>>> print(open('entry.cif').read())   # mmCIF, C-alpha atoms and all ligand atoms
data_data
loop_
_atom_site.label_atom_id
_atom_site.label_comp_id
_atom_site.auth_asym_id
_atom_site.auth_seq_id
_atom_site.Cartn_x
_atom_site.Cartn_y
_atom_site.Cartn_z
CA MET A 276 98.97 53.39 92.00
CA ARG A 277 95.47 54.79 92.25
CA LEU A 278 94.00 56.88 89.47
CA LEU A 279 93.94 59.77 91.92
CA THR A 280 97.74 59.69 91.75
CA HIS A 281 97.69 59.40 87.97
CA ASN A 282 95.52 62.51 87.93
CA MET A 283 98.18 64.35 89.98
CA LEU A 284 101.24 63.30 87.97
CA SER A 285 102.77 65.21 85.06
CA SER A 286 105.90 64.59 83.05
CA ASN A 287 108.77 66.33 84.84
CA ILE A 288 111.28 66.26 81.99
CA LYS A 289 113.11 69.50 81.31
CA GLY A 290 111.59 71.48 78.46
CA VAL A 291 108.25 69.65 78.40
CA ILE A 292 105.40 72.16 78.34
CA ASN A 293 102.32 69.98 78.31
CA GLY A 294 103.21 66.92 80.38
CA PHE A 295 99.68 66.03 81.48
CA PRO A 296 98.04 63.55 81.44
CA LEU A 297 100.52 60.72 81.25
CA ARG A 298 99.41 57.91 78.94
CA ILE A 299 98.87 54.63 80.79
CA GLU A 300 100.11 51.26 79.58
CA VAL A 301 98.47 48.46 81.52
CA GLU A 302 100.08 45.13 82.34
CA LYS A 303 98.14 44.39 85.50
CA VAL A 304 95.26 46.10 87.28
CA VAL A 305 94.13 45.16 90.78
CA GLU A 306 91.02 46.28 92.61
CA LYS A 307 91.21 46.98 96.33
CA PRO A 308 88.10 47.95 98.30
CA VAL A 309 88.29 51.33 100.06
CA ASP A 310 85.85 52.78 102.61
CA PHE A 311 83.32 55.00 100.85
CA ASN A 312 83.50 58.59 102.07
CA PRO A 313 81.24 61.10 100.25
CA ASP A 314 82.84 64.09 102.00
CA PHE A 315 86.28 63.13 100.78
CA LEU A 316 84.97 62.72 97.23
CA LYS A 317 83.25 66.09 97.35
CA ASN A 318 86.47 67.73 98.56
CA MET A 319 88.52 66.04 95.85
CA PHE A 320 86.15 66.62 92.95
CA SER A 321 87.25 70.21 92.27
CA LYS A 322 90.90 69.12 92.15
CA ILE A 323 90.33 66.37 89.58
CA GLU A 324 90.73 66.81 85.83
CA TRP A 325 87.69 64.89 84.71
CA LYS A 326 88.46 63.85 81.13
CA PRO A 327 91.87 62.33 82.04
CA LEU A 328 90.13 60.36 84.81
CA VAL A 329 87.49 59.05 82.40
CA ASP A 330 90.15 58.04 79.85
CA ALA A 331 92.42 56.49 82.47
CA SER A 332 89.64 54.43 84.04
CA ARG A 333 88.59 53.20 80.59
CA THR A 334 92.19 52.13 79.91
CA MET A 335 92.04 50.24 83.19
CA GLY A 336 88.86 48.44 82.08
CA TYR A 337 86.23 50.55 83.85
CA ALA A 338 83.92 52.45 81.51
CA GLU A 339 81.14 53.49 83.90
CA LEU A 340 82.10 57.16 84.39
CA PRO A 341 80.05 59.82 82.56
CA GLU A 342 82.00 61.68 79.85
CA GLU A 343 81.32 64.96 81.58
CA ALA A 344 80.72 65.86 85.18
CA ASP A 345 79.92 68.94 87.21
CA ALA A 346 79.47 69.69 90.88
CA SER A 347 75.70 69.24 90.76
CA MET A 348 76.25 65.50 90.22
CA LEU A 349 77.85 65.19 93.66
CA ASP A 350 74.33 64.86 95.08
CA SER A 351 73.90 61.56 93.28
CA HIS A 352 74.91 58.52 95.30
CA ASP A 353 75.27 56.51 92.13
CA PHE A 354 77.67 59.05 90.64
CA LEU A 355 79.71 59.22 93.84
CA GLN A 356 80.09 55.45 93.92
CA ARG A 357 81.42 55.35 90.38
CA PHE A 358 83.74 58.26 91.08
CA HIS A 359 84.92 56.48 94.26
CA HIS A 360 85.63 53.25 92.42
CA ALA A 361 87.56 54.91 89.60
CA LEU A 362 89.52 57.28 91.79
CA LEU A 363 90.49 55.02 94.68
CA GLU A 364 89.80 51.33 94.08
CA LEU A 365 91.45 50.71 90.71
CA HIS A 366 95.20 50.28 91.03
CA LEU A 367 97.76 50.12 88.27
CA GLU A 368 99.90 47.35 89.74
CA GLU A 369 102.25 46.77 86.79
CA GLY A 370 102.68 48.87 83.67
CA ALA A 371 104.03 52.23 82.69
CA LEU A 372 103.25 55.91 82.23
CA PHE A 373 104.33 57.82 79.11
CA CYS A 374 105.07 61.52 78.71
CA PRO A 375 102.52 62.86 76.19
CA GLU A 376 105.17 65.09 74.59
CA THR A 377 108.38 63.03 74.51
CA ASN A 378 106.96 59.54 75.01
CA ARG A 379 109.51 58.99 77.80
CA ARG A 380 108.51 55.87 79.75
CA PHE A 381 108.07 55.96 83.54
CA PRO A 382 107.80 52.41 84.88
CA VAL A 383 105.16 51.35 87.42
CA ASN A 384 106.23 48.27 89.37
CA LYS A 385 104.40 46.76 92.34
CA GLY A 386 102.06 49.73 92.19
CA ILE A 387 104.79 52.37 92.43
CA PRO A 388 105.49 54.92 89.70
CA ASN A 389 109.14 55.82 89.29
CA MET A 390 109.52 59.46 88.23
CA LEU A 391 113.30 59.64 88.76
CA LEU A 392 115.05 61.36 85.86
CA HIS A 393 118.47 60.91 84.29
CA GLU A 394 120.87 63.80 84.71
CA ASP A 395 120.35 65.08 81.17
CA GLU A 396 116.57 65.27 81.67
CA VAL A 397 116.60 67.53 84.75
CA MET B 68 93.05 49.23 111.24
CA SER B 69 95.21 48.90 114.34
CA SER B 70 94.47 50.85 117.48
CA PHE B 71 98.06 52.00 118.07
CA ARG B 72 98.73 55.70 118.54
CA THR B 73 101.84 55.67 116.36
CA ALA B 74 103.67 53.19 114.14
CA GLN B 75 104.94 50.18 116.09
CA ILE B 76 108.68 49.64 115.76
CA PRO B 77 108.41 45.84 115.43
CA LEU B 78 106.07 46.39 112.47
CA VAL B 79 108.37 48.91 110.78
CA SER B 80 110.13 47.18 107.91
CA SER B 81 113.82 47.70 107.17
CA HIS B 82 116.54 47.38 104.55
CA ARG B 83 120.26 47.98 104.82
CA GLU B 84 120.04 50.99 102.53
CA VAL B 85 117.04 52.61 104.22
CA TYR B 86 117.16 55.05 107.14
CA GLU B 87 115.83 53.46 110.33
CA PRO B 88 113.59 55.46 112.68
CA CYS B 89 115.91 57.55 114.80
CA ASP B 90 115.78 60.49 117.27
CA ASP B 91 114.77 62.85 114.47
CA SER B 92 111.93 60.57 113.32
CA PHE B 93 110.69 60.27 116.91
CA ALA B 94 110.88 64.05 117.40
CA LEU B 95 108.77 64.60 114.30
CA VAL B 96 106.14 62.07 115.38
CA ASP B 97 106.14 63.58 118.89
CA ALA B 98 105.39 66.95 117.30
CA LEU B 99 102.46 65.42 115.41
CA LEU B 100 101.22 63.77 118.61
CA ALA B 101 101.51 67.07 120.48
CA ASP B 102 99.34 68.60 117.74
CA GLN B 103 96.92 65.68 117.49
CA VAL B 104 93.79 67.59 118.52
CA LYS B 105 94.67 70.46 116.18
CA LEU B 106 95.35 68.02 113.36
CA LEU B 107 91.97 66.32 113.90
CA ASN B 108 90.21 69.70 113.86
CA HIS B 109 92.17 70.67 110.76
CA HIS B 110 90.32 68.00 108.69
CA PRO B 111 93.09 67.55 106.13
CA THR B 112 92.03 66.14 102.76
CA LEU B 113 95.58 65.58 101.46
CA CYS B 114 98.65 64.78 103.53
CA LEU B 115 102.11 64.42 102.03
CA GLU B 116 105.55 63.36 103.20
CA PHE B 117 108.85 64.02 101.41
CA GLY B 118 111.54 61.41 102.10
CA CYS B 119 109.43 58.74 103.83
CA GLY B 120 112.36 56.35 104.48
CA SER B 121 111.09 53.46 106.60
CA GLY B 122 107.54 54.81 106.55
CA TYR B 123 107.56 55.38 110.30
CA VAL B 124 106.34 58.99 110.04
CA ILE B 125 103.62 58.70 107.39
CA THR B 126 102.27 55.57 109.12
CA SER B 127 102.21 57.41 112.44
CA LEU B 128 100.49 60.42 110.88
CA ALA B 129 97.78 58.16 109.45
CA LEU B 130 97.30 56.54 112.87
CA ILE B 131 97.22 59.92 114.62
CA LEU B 132 94.47 61.06 112.24
CA GLY B 133 93.01 57.54 112.36
CA LYS B 134 89.41 58.24 113.26
CA GLU B 135 88.84 59.94 109.96
CA ALA B 136 91.00 57.64 107.90
CA SER B 137 88.74 57.54 104.86
CA ALA B 138 88.43 61.33 104.78
CA THR B 139 92.15 61.82 104.25
CA HIS B 140 94.42 60.78 101.40
CA TYR B 141 98.12 60.16 102.03
CA ILE B 142 100.97 60.50 99.55
CA ALA B 143 104.66 59.91 100.28
CA THR B 144 107.78 60.29 98.15
CA ASP B 145 111.38 59.19 98.45
CA ILE B 146 114.32 59.36 96.07
CA ASN B 147 115.45 55.92 97.21
CA PRO B 148 113.42 53.05 95.63
CA HIS B 149 114.28 50.74 98.55
CA ALA B 150 112.76 53.26 100.95
CA ILE B 151 109.53 53.27 98.96
CA ARG B 152 109.29 49.47 99.19
CA VAL B 153 110.03 49.50 102.91
CA THR B 154 107.40 52.21 103.46
CA GLN B 155 104.87 50.11 101.58
CA GLU B 156 105.61 47.12 103.83
CA THR B 157 105.38 49.25 106.97
CA LEU B 158 102.02 50.68 105.93
CA GLU B 159 100.66 47.23 105.05
CA ALA B 160 101.79 45.82 108.39
CA HIS B 161 99.63 48.49 110.06
CA GLY B 162 96.67 47.93 107.72
CA LEU B 163 97.06 51.34 106.10
CA HIS B 164 97.52 52.74 102.62
CA ALA B 165 99.41 55.70 101.20
CA GLU B 166 100.14 56.43 97.59
CA LEU B 167 103.88 56.19 97.03
CA VAL B 168 105.94 57.84 94.32
CA CYS B 169 109.63 57.38 93.77
CA THR B 170 110.85 60.86 92.89
CA ASP B 171 113.07 63.80 93.81
CA ILE B 172 111.12 65.76 96.45
CA ALA B 173 107.80 66.22 94.57
CA SER B 174 109.01 66.25 90.98
CA GLY B 175 106.09 65.29 88.72
CA LEU B 176 103.51 66.17 91.40
CA GLU B 177 104.19 69.88 91.70
CA LYS B 178 101.95 71.08 88.88
CA ARG B 179 98.75 69.25 89.73
CA LEU B 180 99.11 69.18 93.52
CA ALA B 181 99.84 72.92 93.74
CA GLY B 182 97.82 74.53 96.51
CA SER B 183 96.24 71.23 97.60
CA VAL B 184 98.34 69.85 100.44
CA ASP B 185 96.87 70.43 103.90
CA VAL B 186 99.62 68.73 105.93
CA LEU B 187 103.21 68.27 104.76
CA VAL B 188 105.76 66.48 106.95
CA VAL B 189 109.50 66.35 106.27
CA ASN B 190 112.49 64.91 108.07
CA PRO B 191 115.04 65.94 105.46
CA PRO B 192 118.69 64.99 105.04
CA TYR B 193 120.09 67.78 107.24
CA VAL B 194 123.59 66.76 108.31
CA PRO B 195 126.35 69.14 107.14
CA THR B 196 128.54 67.18 104.68
CA PRO B 197 130.67 67.86 101.63
CA GLU B 198 128.38 68.91 98.79
CA ASP B 199 129.26 65.90 96.61
CA GLU B 200 127.78 63.47 99.15
CA VAL B 201 124.27 64.89 98.65
CA GLY B 202 121.84 62.77 96.65
CA GLN B 203 124.21 59.86 96.08
CA ASP B 204 122.77 56.38 95.80
CA GLY B 205 122.31 54.44 98.99
CA ILE B 206 121.97 55.26 102.63
CA ALA B 207 124.23 58.38 102.63
CA SER B 208 121.54 60.39 100.83
CA ALA B 209 119.32 59.83 103.88
CA TRP B 210 121.35 62.30 105.93
CA ALA B 211 123.83 64.09 103.64
CA GLY B 212 122.74 67.74 103.56
CA GLY B 213 125.72 69.53 102.00
CA GLU B 214 126.86 72.92 103.24
CA ASN B 215 125.27 73.69 106.64
CA GLY B 216 123.01 70.72 105.89
CA ARG B 217 120.88 73.06 103.79
CA SER B 218 121.20 71.71 100.23
CA VAL B 219 118.05 69.61 100.19
CA ILE B 220 116.16 71.79 102.70
CA ASP B 221 116.66 74.84 100.47
CA ARG B 222 115.17 72.93 97.54
CA ILE B 223 112.27 71.65 99.67
CA LEU B 224 111.07 75.04 100.97
CA PRO B 225 109.98 76.54 97.61
CA VAL B 226 108.25 73.27 96.70
CA ALA B 227 106.43 73.29 100.03
CA ASP B 228 105.31 76.86 99.32
CA VAL B 229 103.86 75.76 95.96
CA LEU B 230 102.10 72.66 97.29
CA LEU B 231 100.58 73.88 100.55
CA SER B 232 96.91 74.83 100.49
CA ASP B 233 95.82 78.12 102.02
CA LYS B 234 95.21 76.34 105.30
CA GLY B 235 98.24 74.07 104.83
CA TRP B 236 100.72 73.22 107.57
CA LEU B 237 104.35 72.15 107.17
CA TYR B 238 106.18 70.27 109.91
CA MET B 239 109.93 70.04 109.32
CA VAL B 240 112.88 68.75 111.33
CA THR B 241 115.95 70.98 111.48
CA LEU B 242 119.32 70.86 113.20
CA THR B 243 120.90 73.91 114.88
CA ALA B 244 123.62 73.82 112.21
CA ASN B 245 120.92 74.40 109.56
CA ASN B 246 120.26 77.85 111.09
CA PRO B 247 116.54 77.35 111.76
CA ALA B 248 116.05 81.02 112.64
CA GLN B 249 117.17 81.95 109.16
CA ILE B 250 114.83 79.31 107.66
CA CYS B 251 111.93 80.85 109.60
CA LEU B 252 112.94 84.28 108.37
CA GLN B 253 113.05 83.09 104.79
CA MET B 254 109.61 81.51 105.13
CA ARG B 255 108.31 84.64 106.81
CA GLU B 256 109.20 86.59 103.70
CA LYS B 257 106.96 84.20 101.78
CA GLY B 258 104.13 84.86 104.23
CA TYR B 259 104.54 81.99 106.68
CA ALA B 260 104.40 82.22 110.43
CA SER B 261 106.24 79.55 112.39
CA ARG B 262 106.49 77.95 115.78
CA ILE B 263 108.80 75.40 117.38
CA VAL B 264 106.67 72.38 118.29
CA VAL B 265 109.38 70.11 119.67
CA GLN B 266 112.92 70.85 120.70
CA ARG B 267 115.32 68.08 121.65
CA SER B 268 118.98 68.22 122.56
CA THR B 269 121.34 65.30 122.64
CA GLU B 270 125.07 65.48 123.32
CA GLU B 271 125.85 65.86 119.64
CA GLU B 272 122.97 67.82 118.22
CA SER B 273 119.95 69.95 118.93
CA LEU B 274 116.83 69.19 116.88
CA HIS B 275 113.85 71.43 116.31
CA VAL B 276 110.58 70.43 114.74
CA ILE B 277 109.19 73.64 113.27
CA LYS B 278 105.64 74.17 112.09
CA PHE B 279 104.90 76.68 109.32
CA TRP B 280 101.55 78.04 108.19
CA LYS B 281 100.35 80.89 105.99
CA ASP B 282 99.53 83.97 107.97
CA ALA B 283 97.33 86.50 106.19
CA ASP B 284 99.03 89.37 108.03
CA LEU B 285 102.38 88.34 106.59
CA GLN B 286 101.35 88.00 102.95
CA VAL B 287 103.95 90.11 101.19
CA ASP B 288 102.89 89.74 97.62
CA GLY B 289 105.03 92.58 96.35
CA LYS B 290 101.81 94.20 95.09
CA ASP B 291 100.82 95.29 98.54
CA SER B 292 103.39 97.82 99.60
CA THR B 293 101.03 99.36 102.12
CA HIS B 294 101.77 96.44 104.41
CA LYS B 295 100.88 97.06 108.04
CA THR B 296 104.33 96.73 109.50
CA GLY B 297 106.29 96.73 106.24
CA PRO B 298 108.53 93.80 105.35
CA GLY B 299 111.58 95.63 106.70
CA LYS B 300 110.08 95.82 110.17
CA VAL B 301 109.15 92.13 110.17
CA VAL B 302 112.71 91.18 109.31
CA GLU B 303 114.13 93.50 111.93
CA SER B 304 111.98 92.20 114.73
CA LEU B 305 112.78 88.60 113.85
CA ILE B 306 116.50 89.22 113.69
CA SER B 307 116.36 90.60 117.19
CA GLN B 308 115.06 87.19 118.27
CA LEU B 309 117.80 85.17 116.64
CA PRO B 310 120.19 84.94 119.56
CA ARG B 311 117.37 83.71 121.73
CA LEU B 312 116.07 81.21 119.25
CA SER B 313 115.95 78.34 121.71
CA PHE B 314 113.58 80.29 123.94
CA TRP B 315 111.57 81.69 121.13
CA ARG B 316 107.92 80.82 120.85
CA ASN B 317 105.46 82.48 118.54
CA ASN B 318 102.58 83.30 120.84
CA SER B 319 100.71 85.48 118.45
CA ASN B 320 98.44 82.74 117.24
CA THR B 321 97.65 80.01 119.73
CA SER B 322 95.32 78.05 117.47
CA ARG B 323 98.16 76.65 115.34
C1 LIG C 401 116.48 61.58 107.57
S1 LIG C 401 115.71 60.41 106.48
C2 LIG C 401 114.06 60.40 107.14
C3 LIG C 401 113.31 59.11 106.89
C4 LIG C 401 111.96 59.01 107.58
N1 LIG C 401 111.03 60.02 107.10
C5 LIG C 401 112.12 59.14 109.06
O1 LIG C 401 111.78 60.22 109.59
O2 LIG C 401 112.59 58.20 109.72
C6 LIG C 401 115.58 61.32 104.96
C7 LIG C 401 114.90 60.59 103.81
O3 LIG C 401 114.81 61.48 102.69
C8 LIG C 401 115.12 60.79 101.49
N2 LIG C 401 115.62 61.77 100.54
C9 LIG C 401 116.84 62.35 100.46
N3 LIG C 401 116.90 63.23 99.46
C10 LIG C 401 115.67 63.23 98.87
C11 LIG C 401 115.10 63.91 97.76
N4 LIG C 401 115.80 64.79 97.05
N5 LIG C 401 113.82 63.64 97.43
C12 LIG C 401 113.09 62.76 98.14
N6 LIG C 401 113.58 62.07 99.19
C13 LIG C 401 114.85 62.30 99.56
C14 LIG C 401 116.15 59.76 101.92
O4 LIG C 401 116.20 58.68 101.00
C15 LIG C 401 115.63 59.35 103.30
O5 LIG C 401 114.74 58.28 103.22
#
>>> encode(input="entry.cif", output="C-alpha cells")
Amino acid sequence: MRLLTHNMLSSNIKGVINGFPLRIEVEKVVEKPVDFNPDFLKNMFSKIEWKPLVDASRTMGYAELPEEADASMLDSHDFLQRFHHALLELHLEEGALFCPETNRRFPVNKGIPNMLLHEDEV
Amino acid sequence: MSSFRTAQIPLVSSHREVYEPCDDSFALVDALLADQVKLLNHHPTLCLEFGCGSGYVITSLALILGKEASATHYIATDINPHAIRVTQETLEAHGLHAELVCTDIASGLEKRLAGSVDVLVVNPPYVPTPEDEVGQDGIASAWAGGENGRSVIDRILPVADVLLSDKGWLYMVTLTANNPAQICLQMREKGYASRIVVQRSTEEESLHVIKFWKDADLQVDGKDSTHKTGPGKVVESLISQLPRLSFWRNNSNTSR
C-alpha cells in the first residue's frame, strides 16, 4: 500500500464522524522505485492532505518532507522528488491501519488493506 | 512494461473462487479498446475499478493507456480477498502496478476520493438471482445480482456519482435483464449522458457496455428550475426511446 492510498482511506465504520487519517502501525516497509512524473505529482498535489502525508511518511521512516507545503513549491525539483518518494515509493507491506475514533484495526497484509466490515459495523 | 495491447490470458492468474475472464470481461475491454484514442486524449490522473476479479480489466486498461503509464494512478477494489491476490499476481505478471483495496465497492475511499476519479470501470455482478445469494462468500458473489440483477448495480451508481471527477467517465457492463434503459434514465436525472459502446448478444444473454459522463446541459441540481428542456421533457424523450434501446445511440456528443 502506497501512502497515496493511505491518504485516500478513511474509517468506514457506521457512526464514525472523523475517520481520517487512519493511524499506521508498521511491521514491514518496502521501497519500490517508480518512474518520476512531475505532471502527475502536480495533478495530485491539490488532492493530498499534506499533514497526514508528512506524519505517515515519518511513521514509515522517511522524515524528509517539509512540515508545510503549498503549490508554489511544485516548481522545486527537490521538493517534487521528496513528494514522489513519500507518495509512491514507500509501501506498507505488513502492518495495520487504525480508526482514529474507535481504534478499530484494519489489517494490511502483503501490501493490501482490508476495509471489510462486520455486519454490526455497517 | 510489456508491449501487449491488453492483458494476456496466459499471464492472468486464477483461483477456484475468483471469476475468470469471460464474455463480459472481454466486452468491457473491447469497449476500452474502441475508446483507446479518446482515453489517451482524456489524460486521466486516477483510474478505478470496482470488482477487479482476476485483474484482467484493470491490467488491460493500464496497457491501453500504457504510453503515459507514470501519469496515471490505478486503484482497484474487490469484496473477495482471493480476487485481490489474483489481481496482484496478474498485474505483476504484466510488469504493472495498481493499488488494491479489499472492500465493499469503494467503502473507505468515498470521502477522500470524491470528485477525483477520471475513469471508472465496472463489470458488476449482474445476473438475476434470489436476493439472499448476493454478497455471499466465494465465487457466487461474482455474478449474483439479486432481483433483476440490480442489487449491486443500484448501490454502485450513487458511489460512481460521488467519485467521478467533472470530466470523469464510467464504463459499466449491463445485461438486458438489468433494464439498461432505465439505468441510463436514472443516471440522466443525475446529469449524466450515456452511450452504448459495445453490444454483444449470445444465445443466452445480451450484454451492453455503457459509457456515462457528466453533461453540463443535463445538470439538474434542483436549484436550477429554469432548465432548458425541463427534467420532465428529458424523461419523456428518453422513455420514447426505450423500446428501441438496442438501436439507440446518443449522437449528440461525438467526442465521448
Ligand atoms: C463479474 S465479476 C468481474 C470480474 C472482473 N472485473 C472481470 O471483468 O473479469 C464481478 C466481481 O465483482 C466482485 N464484487 C461483487 N460484489 C462486490 C462488492 N459489493 N464490492 C466489490 N466487489 C464486488 C466479485 O468478487 C467479482 O470479482
>>> closest_residue(input="entry.cif", among="A:Val397, A:Ala346, A:Leu365, A:Leu391", to="ligand LIG 401 (chain C)", atoms="all atoms listed in the file")
A:Leu391
>>> residues_near_point(input="entry.cif", point="(114.1, 74.6, 111.9)", cutoff="12 Å", atoms="only C-alpha atoms", output="PyMOL selection string")
chain B and resi 95+189-191+193+216-217+220-221+224+237-254+261-267+273-279+312-313+315
>>> interface_residues(input="entry.cif", of="chain B", to="chain A", cutoff="8 Å", atoms="all atoms listed in the file", output="list in words")
Thr112, Ser137, Ala138, Thr139, Ile146, Glu166, Leu167, Val168, Cys169, Thr170, Asp171, Ser174, Gly175, Leu176, Lys178, Arg179, Leu180 and Ser183 of chain B
>>> write_last_selection(input="entry.cif", atoms="C-alpha atoms", output="mmCIF file, in the frame of the given file")
data_model
loop_
_atom_site.group_PDB
_atom_site.id
_atom_site.type_symbol
_atom_site.label_atom_id
_atom_site.label_comp_id
_atom_site.auth_asym_id
_atom_site.auth_seq_id
_atom_site.Cartn_x
_atom_site.Cartn_y
_atom_site.Cartn_z
ATOM 1 C CA THR B 112 92.030 66.140 102.760
ATOM 2 C CA SER B 137 88.740 57.540 104.860
ATOM 3 C CA ALA B 138 88.430 61.330 104.780
ATOM 4 C CA THR B 139 92.150 61.820 104.250
ATOM 5 C CA ILE B 146 114.320 59.360 96.070
ATOM 6 C CA GLU B 166 100.140 56.430 97.590
ATOM 7 C CA LEU B 167 103.880 56.190 97.030
ATOM 8 C CA VAL B 168 105.940 57.840 94.320
ATOM 9 C CA CYS B 169 109.630 57.380 93.770
ATOM 10 C CA THR B 170 110.850 60.860 92.890
ATOM 11 C CA ASP B 171 113.070 63.800 93.810
ATOM 12 C CA SER B 174 109.010 66.250 90.980
ATOM 13 C CA GLY B 175 106.090 65.290 88.720
ATOM 14 C CA LEU B 176 103.510 66.170 91.400
ATOM 15 C CA LYS B 178 101.950 71.080 88.880
ATOM 16 C CA ARG B 179 98.750 69.250 89.730
ATOM 17 C CA LEU B 180 99.110 69.180 93.520
ATOM 18 C CA SER B 183 96.240 71.230 97.600
#
>>> closest_atom_pairs(input="entry.cif", of="chain B", to="ligand LIG 401 (chain C)", cutoff="7 Å", atoms="only C-alpha atoms and all ligand atoms", output="JSON lines")
{"residue": "B:Val85", "atom": "CA", "partner": "C:LIG401", "partner_atom": "O5", "distance": 6.2}
{"residue": "B:Tyr86", "atom": "CA", "partner": "C:LIG401", "partner_atom": "S1", "distance": 5.6}
{"residue": "B:Glu87", "atom": "CA", "partner": "C:LIG401", "partner_atom": "O2", "distance": 5.8}
{"residue": "B:Pro88", "atom": "CA", "partner": "C:LIG401", "partner_atom": "O2", "distance": 4.2}
{"residue": "B:Cys89", "atom": "CA", "partner": "C:LIG401", "partner_atom": "O2", "distance": 6.1}
{"residue": "B:Asp91", "atom": "CA", "partner": "C:LIG401", "partner_atom": "O1", "distance": 6.3}
{"residue": "B:Ser92", "atom": "CA", "partner": "C:LIG401", "partner_atom": "O1", "distance": 3.7}
{"residue": "B:Phe117", "atom": "CA", "partner": "C:LIG401", "partner_atom": "C12", "distance": 5.5}
{"residue": "B:Gly118", "atom": "CA", "partner": "C:LIG401", "partner_atom": "O3", "distance": 3.3}
{"residue": "B:Cys119", "atom": "CA", "partner": "C:LIG401", "partner_atom": "N1", "distance": 3.9}
{"residue": "B:Gly120", "atom": "CA", "partner": "C:LIG401", "partner_atom": "O5", "distance": 3.3}
{"residue": "B:Ser121", "atom": "CA", "partner": "C:LIG401", "partner_atom": "C4", "distance": 5.7}
{"residue": "B:Gly122", "atom": "CA", "partner": "C:LIG401", "partner_atom": "C4", "distance": 6.2}
{"residue": "B:Tyr123", "atom": "CA", "partner": "C:LIG401", "partner_atom": "O2", "distance": 5.8}
{"residue": "B:Val124", "atom": "CA", "partner": "C:LIG401", "partner_atom": "O1", "distance": 5.6}
{"residue": "B:Thr144", "atom": "CA", "partner": "C:LIG401", "partner_atom": "C12", "distance": 5.9}
{"residue": "B:Asp145", "atom": "CA", "partner": "C:LIG401", "partner_atom": "N6", "distance": 3.7}
{"residue": "B:Ile146", "atom": "CA", "partner": "C:LIG401", "partner_atom": "C12", "distance": 4.2}
{"residue": "B:Asn147", "atom": "CA", "partner": "C:LIG401", "partner_atom": "O4", "distance": 4.7}
{"residue": "B:Ala150", "atom": "CA", "partner": "C:LIG401", "partner_atom": "O5", "distance": 5.9}
{"residue": "B:Thr170", "atom": "CA", "partner": "C:LIG401", "partner_atom": "C12", "distance": 6.0}
{"residue": "B:Asp171", "atom": "CA", "partner": "C:LIG401", "partner_atom": "N5", "distance": 3.7}
{"residue": "B:Ile172", "atom": "CA", "partner": "C:LIG401", "partner_atom": "N5", "distance": 3.6}
{"residue": "B:Val189", "atom": "CA", "partner": "C:LIG401", "partner_atom": "N1", "distance": 6.6}
{"residue": "B:Asn190", "atom": "CA", "partner": "C:LIG401", "partner_atom": "C2", "distance": 4.9}
{"residue": "B:Pro191", "atom": "CA", "partner": "C:LIG401", "partner_atom": "C6", "distance": 4.7}
{"residue": "B:Pro192", "atom": "CA", "partner": "C:LIG401", "partner_atom": "C1", "distance": 4.8}
{"residue": "B:Gly202", "atom": "CA", "partner": "C:LIG401", "partner_atom": "N3", "distance": 5.7}
{"residue": "B:Ile206", "atom": "CA", "partner": "C:LIG401", "partner_atom": "O4", "distance": 6.9}
{"residue": "B:Ser208", "atom": "CA", "partner": "C:LIG401", "partner_atom": "C9", "distance": 5.1}
{"residue": "B:Ala209", "atom": "CA", "partner": "C:LIG401", "partner_atom": "C14", "distance": 3.7}
{"residue": "B:Trp210", "atom": "CA", "partner": "C:LIG401", "partner_atom": "C1", "distance": 5.2}
{"residue": "B:Val219", "atom": "CA", "partner": "C:LIG401", "partner_atom": "N4", "distance": 6.2}
>>> closest_residue(input="entry.cif", among="B:Pro225, B:Gly235, B:Gly162, B:Pro148", to="Glu256 (chain B)", atoms="all atoms listed in the file")
B:Pro225
>>> atom_distance(input="entry.cif", atom1="CA of Pro111 (chain B)", atom2="CA of Asp282 (chain B)")
17.7 Å
>>> residues_around(input="entry.cif", residues="Ser127 (chain B)", least_positions_apart="5", cutoff="8 Å", atoms="only C-alpha atoms", output="ChimeraX atom specification")
/B:72-74,96
>>> write_last_selection(input="entry.cif", atoms="C-alpha atoms", output="compact mmCIF listing (two decimals), in the coordinates of the input")
# COMPACT_ATOMS: atom_id res chain seq x y z
CA ARG B 72 98.73 55.70 118.54
CA THR B 73 101.84 55.67 116.36
CA ALA B 74 103.67 53.19 114.14
CA VAL B 96 106.14 62.07 115.38
>>> atom_distance(input="entry.cif", atom1="CA of Asp228 (chain B)", atom2="CA of Ala211 (chain B)")
22.9 Å
>>> build_atoms(input="entry.cif", residues="region 377-382 of chain A", atoms="N, CA, C and O atoms", output="PDB file, keeping the file's coordinate frame")
ATOM      1  N   THR A 377     107.112  63.670  74.924  1.00  0.00           N
ATOM      2  CA  THR A 377     108.380  63.030  74.510  1.00  0.00           C
ATOM      3  C   THR A 377     108.253  61.515  74.413  1.00  0.00           C
ATOM      4  O   THR A 377     109.165  60.861  73.919  1.00  0.00           O
ATOM      5  N   ASN A 378     107.155  60.982  74.954  1.00  0.00           N
ATOM      6  CA  ASN A 378     106.960  59.540  75.010  1.00  0.00           C
ATOM      7  C   ASN A 378     107.932  58.834  75.949  1.00  0.00           C
ATOM      8  O   ASN A 378     108.071  57.612  75.894  1.00  0.00           O
ATOM      9  N   ARG A 379     108.628  59.586  76.783  1.00  0.00           N
ATOM     10  CA  ARG A 379     109.510  58.990  77.800  1.00  0.00           C
ATOM     11  C   ARG A 379     108.669  58.060  78.676  1.00  0.00           C
ATOM     12  O   ARG A 379     107.557  58.395  79.061  1.00  0.00           O
ATOM     13  N   ARG A 380     109.231  56.877  78.996  1.00  0.00           N
ATOM     14  CA  ARG A 380     108.510  55.870  79.750  1.00  0.00           C
ATOM     15  C   ARG A 380     108.879  55.944  81.230  1.00  0.00           C
ATOM     16  O   ARG A 380     110.060  55.964  81.577  1.00  0.00           O
ATOM     17  N   PHE A 381     107.860  56.026  82.090  1.00  0.00           N
ATOM     18  CA  PHE A 381     108.070  55.960  83.540  1.00  0.00           C
ATOM     19  C   PHE A 381     107.476  54.638  84.020  1.00  0.00           C
ATOM     20  O   PHE A 381     106.257  54.446  83.962  1.00  0.00           O
ATOM     21  N   PRO A 382     108.314  53.717  84.495  1.00  0.00           N
ATOM     22  CA  PRO A 382     107.800  52.410  84.880  1.00  0.00           C
ATOM     23  C   PRO A 382     106.929  52.451  86.139  1.00  0.00           C
ATOM     24  O   PRO A 382     107.149  53.287  87.019  1.00  0.00           O
TER      25      PRO A 382
END
